[in-house]
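One structure is given below, encoded as structure tokens.
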Amino acid sequence: MVERLELDDAELAFHSHWLPTDTADAWLQQLDGETPWSQPRVRVFGRWHPVPRQVAWYADPGVVYGYAGLDHAALPWTPLLQEIREDVEAACGQGFNGVLLNRYRDGQDSMGWHSDDEASLGANPLIASLNLGAARRFDFRRKGTSRIGHSLELGHGSLLVMAGATQHHWQHQIAKTRKASGLRLNLTFRRIAT
């Protein structure tokens, strides 16, 4: 069942149980084992810091994704990621040419406030976020404010689709947590202009 999240100036669809648990379990185990994870460093206020999670970028040939001052060279699609891409494309009604994988080892791994609004994603990007493993809280706040406007729990096998003007008006984050949290993989599918 798809839940439409009611946020002004946003188009959000949340499939809380998009995948059967056995499929989600198998994908989590295989992706974690076969992905060549890296932990790039970013420059913040003149100092270099490792990003607080591990990442991998897979895409069609020649598709480069840049954010936070980093350009990620693409790895070729694996058979499993190609299968997942086709399933997500069918659910969203849109093609994707890249996927960013984020690996959260525990509750101290995080993703700071941001919008997926790079020019290479187009005017109104559609971002499909598949979640595997430990559940984490996903927060939204309206741009220009510091108050969380909405939160939801992204659980094992859930799919969140952000479309329309969402990235123009809202930021999102995965905050650090002291609560026990196991391994979580997040796959964000996107279409990069080439």
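Note on naming: chains are A, B, ... as they come in the structure tokens, residues start from 1 per chain, ligands start from 1 in the order shown.
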Handout entry: For A:Gly144: contacts at 10 Å, only C-alpha atoms, fewer than 5 positions along chain excluded, given as a PyMOL selection string
Key = chain A and resi 169-171
Handout entry: Distance query A:Arg85 at most 12 Å, only C-alpha atoms, self and fewer than 2 positions along chain excluded, as a PyMOL selection string
Key = chain A and resi 58-60+77-83+87-100+128-130+187-191
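Distance check against A:Gly149 using only C-alpha atoms: of A:Thr21, A:Gln173, A:Asn186, A:Ser38, the minimum falls on A:Gln173.
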Problem - Interatomic distance, atom CA of A:Leu154 to atom CA of A:Leu185 (Å, one decimal) - result: 10.9 Å
Practice task
Would you please give, as a list of chain:residue names, all residues of stretch 52-128 of chain A that DSSP assigns to alpha helix (DSSP H) based on the backbone?
Solution key: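 Filtering stretch 52-128 of chain A down to alpha helix (DSSP H) leaves A:Pro79, A:Leu80, A:Leu81, A:Gln82, A:Glu83, A:Ile84, A:Arg85, A:Glu86, A:Asp87, A:Val88, A:Glu89, A:Ala90, A:Ala91, A:Cys92.
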Output for the residues just chosen: N, CA and C atoms as a JSON list (two decimals), in the first residue's frame:
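Final output, again.json:
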[["chain", "number", "residue", "atom", "x", "y", "z"],
["A", 79, "PRO", "N", 24.55, -7.58, -11.79],
["A", 79, "PRO", "CA", 23.27, -8.20, -12.13],
["A", 79, "PRO", "C", 22.18, -7.91, -11.08],
["A", 80, "LEU", "N", 22.54, -7.96, -9.80],
["A", 80, "LEU", "CA", 21.54, -7.69, -8.77],
["A", 80, "LEU", "C", 21.07, -6.24, -8.83],
["A", 81, "LEU", "N", 21.98, -5.28, -8.96],
["A", 81, "LEU", "CA", 21.57, -3.88, -9.01],
["A", 81, "LEU", "C", 20.75, -3.58, -10.27],
["A", 82, "GLN", "N", 21.04, -4.25, -11.37],
["A", 82, "GLN", "CA", 20.23, -4.09, -12.58],
["A", 82, "GLN", "C", 18.81, -4.61, -12.33],
["A", 83, "GLU", "N", 18.68, -5.74, -11.64],
["A", 83, "GLU", "CA", 17.36, -6.28, -11.29],
["A", 83, "GLU", "C", 16.59, -5.32, -10.38],
["A", 84, "ILE", "N", 17.29, -4.79, -9.37],
["A", 84, "ILE", "CA", 16.64, -3.85, -8.45],
["A", 84, "ILE", "C", 16.22, -2.59, -9.20],
["A", 85, "ARG", "N", 17.11, -2.09, -10.05],
["A", 85, "ARG", "CA", 16.79, -0.88, -10.84],
["A", 85, "ARG", "C", 15.51, -1.09, -11.64],
["A", 86, "GLU", "N", 15.37, -2.22, -12.31],
["A", 86, "GLU", "CA", 14.18, -2.48, -13.13],
["A", 86, "GLU", "C", 12.92, -2.52, -12.26],
["A", 87, "ASP", "N", 13.00, -3.11, -11.07],
["A", 87, "ASP", "CA", 11.85, -3.16, -10.17],
["A", 87, "ASP", "C", 11.46, -1.76, -9.69],
["A", 88, "VAL", "N", 12.47, -0.94, -9.34],
["A", 88, "VAL", "CA", 12.20, 0.42, -8.86],
["A", 88, "VAL", "C", 11.65, 1.28, -10.01],
["A", 89, "GLU", "N", 12.20, 1.12, -11.20],
["A", 89, "GLU", "CA", 11.68, 1.86, -12.36],
["A", 89, "GLU", "C", 10.22, 1.53, -12.61],
["A", 90, "ALA", "N", 9.86, 0.25, -12.50],
["A", 90, "ALA", "CA", 8.46, -0.16, -12.70],
["A", 90, "ALA", "C", 7.56, 0.47, -11.64],
["A", 91, "ALA", "N", 8.04, 0.56, -10.41],
["A", 91, "ALA", "CA", 7.24, 1.15, -9.33],
["A", 91, "ALA", "C", 7.07, 2.65, -9.49],
["A", 92, "CYS", "N", 8.07, 3.31, -10.08],
["A", 92, "CYS", "CA", 8.08, 4.78, -10.18],
["A", 92, "CYS", "C", 7.59, 5.30, -11.53]]
Problem - Closest of A:Pro20, A:Gly164, A:Gly157, A:Pro52 to A:Leu126 - atom-to-atom distances counting only C-alpha atoms - result: A:Gly164
Exercise for the section: as a list in words, list the residues of stretch 11-74 of chain A assigned to strand (DSSP E or B) by DSSP on the backbone atoms of this structure. Expected result: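 Going through stretch 11-74 of chain A, the strand (DSSP E or B) residues come out as Glu11, Leu12, Ala13, Phe14, His15, Ser38, Arg41, Val42, Arg43, Val44, Arg47, Trp48, His49, Pro50, Gln54, Val55, Ala56, Trp57, Tyr58, Ala59, Tyr65, Gly66, Tyr67, Leu70, Asp71 and His72 of chain A.
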Problem - Neighbour list for A:Thr166 as number ranges by chain, cut-off 12 Å, only C-alpha atoms, skip fewer than 4 positions in-chain - result: A: 5-13, 114-117, 123-127, 140-143, 161-162, 170-172
Include N, CA and C atoms and write out the residues we just selected as a compact mmCIF listing (two decimals), in the first residue's frame.
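To be explicit, this is the file written out as result-v2.txt:
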# COMPACT_ATOMS: atom_id res chain seq x y z
N LEU A 5 2.31 11.29 1.50
CA LEU A 5 2.62 12.15 2.64
C LEU A 5 2.20 13.57 2.32
N GLU A 6 1.45 14.18 3.22
CA GLU A 6 0.90 15.51 3.00
C GLU A 6 1.85 16.57 3.55
N LEU A 7 2.74 17.05 2.69
CA LEU A 7 3.62 18.17 3.02
C LEU A 7 3.41 19.23 1.94
N ASP A 8 3.23 20.49 2.34
CA ASP A 8 3.06 21.55 1.36
C ASP A 8 4.27 21.61 0.43
N ASP A 9 4.02 21.84 -0.84
CA ASP A 9 5.08 22.00 -1.84
C ASP A 9 5.96 20.76 -1.97
N ALA A 10 5.39 19.59 -1.72
CA ALA A 10 6.15 18.34 -1.85
C ALA A 10 5.26 17.27 -2.47
N GLU A 11 5.91 16.34 -3.13
CA GLU A 11 5.22 15.20 -3.72
C GLU A 11 5.94 13.95 -3.23
N LEU A 12 5.34 13.28 -2.24
CA LEU A 12 6.00 12.16 -1.56
C LEU A 12 5.09 10.95 -1.53
N ALA A 13 5.65 9.82 -1.91
CA ALA A 13 4.93 8.55 -1.84
C ALA A 13 5.78 7.57 -1.03
N HIS A 114 20.26 18.23 3.68
CA HIS A 114 20.57 18.57 2.29
C HIS A 114 19.31 18.41 1.45
N SER A 115 19.37 18.93 0.25
CA SER A 115 18.37 18.68 -0.79
C SER A 115 19.10 18.07 -1.99
N ASP A 116 18.42 17.18 -2.68
CA ASP A 116 18.98 16.63 -3.92
C ASP A 116 18.58 17.56 -5.05
N ASP A 117 19.26 18.72 -5.11
CA ASP A 117 18.86 19.76 -6.06
C ASP A 117 20.00 20.19 -6.97
N ALA A 123 15.09 19.90 -13.33
CA ALA A 123 14.27 20.90 -12.64
C ALA A 123 13.51 20.32 -11.46
N ASN A 124 12.85 19.19 -11.65
CA ASN A 124 12.05 18.55 -10.59
C ASN A 124 12.45 17.09 -10.49
N PRO A 125 13.57 16.80 -9.84
CA PRO A 125 14.09 15.43 -9.84
C PRO A 125 13.19 14.46 -9.09
N LEU A 126 13.14 13.25 -9.60
CA LEU A 126 12.49 12.15 -8.90
C LEU A 126 13.59 11.29 -8.29
N ILE A 127 13.56 11.16 -6.97
CA ILE A 127 14.54 10.37 -6.24
C ILE A 127 13.80 9.22 -5.57
N PHE A 140 12.33 15.71 7.57
CA PHE A 140 12.18 16.78 6.60
C PHE A 140 12.13 18.11 7.34
N ARG A 141 12.72 19.14 6.77
CA ARG A 141 12.51 20.50 7.25
C ARG A 141 12.41 21.42 6.04
N ARG A 142 11.56 22.44 6.16
CA ARG A 142 11.42 23.40 5.08
C ARG A 142 12.71 24.20 4.96
N LYS A 143 13.16 24.47 3.75
CA LYS A 143 14.37 25.25 3.54
C LYS A 143 14.23 26.60 4.24
N VAL A 161 9.56 7.71 -2.38
CA VAL A 161 9.73 8.39 -3.65
C VAL A 161 9.46 9.88 -3.44
N MET A 162 10.48 10.69 -3.75
CA MET A 162 10.37 12.15 -3.65
C MET A 162 10.37 12.71 -5.06
N TRP A 170 12.24 21.61 0.40
CA TRP A 170 12.50 20.81 1.60
C TRP A 170 13.92 20.26 1.59
N GLN A 171 14.48 20.11 2.80
CA GLN A 171 15.72 19.38 3.03
C GLN A 171 15.39 18.11 3.81
N HIS A 172 16.30 17.15 3.78
CA HIS A 172 16.09 15.91 4.55
C HIS A 172 17.41 15.46 5.16
Practice task
Find the residues near stretch 14-16 of chain A: any atom within 6 Å, counting only C-alpha atoms, skip ones fewer than 6 places away on the same chain, and give them as a PyMOL selection string.
Solution key: chain A and resi 2-3+158-160
Give one line per residue of stretch 17-88 of chain A that approaches stretch 132-137 of chain A to at most 10 Å, naming the two atoms of the closest pair and their distance in Å to one decimal, counting only C-alpha atoms; sort by chain then ascending residue number and deliver it as JSON lines.
{"residue": "A:Leu19", "atom": "CA", "partner": "A:Leu132", "partner_atom": "CA", "distance": 9.4}
{"residue": "A:Thr21", "atom": "CA", "partner": "A:Leu132", "partner_atom": "CA", "distance": 9.6}
{"residue": "A:Thr23", "atom": "CA", "partner": "A:Leu132", "partner_atom": "CA", "distance": 10.0}
{"residue": "A:Ala24", "atom": "CA", "partner": "A:Leu132", "partner_atom": "CA", "distance": 6.2}
{"residue": "A:Asp25", "atom": "CA", "partner": "A:Gly133", "partner_atom": "CA", "distance": 7.6}
{"residue": "A:Ala26", "atom": "CA", "partner": "A:Leu132", "partner_atom": "CA", "distance": 9.8}
{"residue": "A:Trp27", "atom": "CA", "partner": "A:Leu132", "partner_atom": "CA", "distance": 7.8}
{"residue": "A:Leu28", "atom": "CA", "partner": "A:Leu132", "partner_atom": "CA", "distance": 5.8}
{"residue": "A:Gln29", "atom": "CA", "partner": "A:Gly133", "partner_atom": "CA", "distance": 9.2}
{"residue": "A:Leu31", "atom": "CA", "partner": "A:Leu132", "partner_atom": "CA", "distance": 9.8}
Sorted by chain and rising residue number, which residues of stretch 119-193 of chain A lie within 9 Å of stretch 63-66 of chain A, and what are their closest atom pairs and distances in Å to one decimal, counting only C-alpha atoms, as a Markdown table?
| residue | atom | partner | partner_atom | distance |
| --- | --- | --- | --- | --- |
| A:Ser120 | CA | A:Tyr65 | CA | 8.1 |
| A:Ile192 | CA | A:Val63 | CA | 7.0 |
| A:Ala193 | CA | A:Val63 | CA | 8.2 |
I need the residues from that last selection saved to file as a CSV table (one decimal), in the first residue's frame (with C-alpha atoms), if you can.
chain,number,residue,atom,x,y,z
A,120,SER,CA,22.5,17.7,-13.1
A,192,ILE,CA,21.6,12.4,-14.1
A,193,ALA,CA,21.6,14.7,-17.2
Problem - Å distance separating atom CA of A:Asn102 from atom CA of A:Ala163, one decimal place - result: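 Distance reported for this atom pair: 20.1 Å.
We find atom CA of A:Lys176 and atom CA of A:Leu101 to be spaced 18.1 Å apart.
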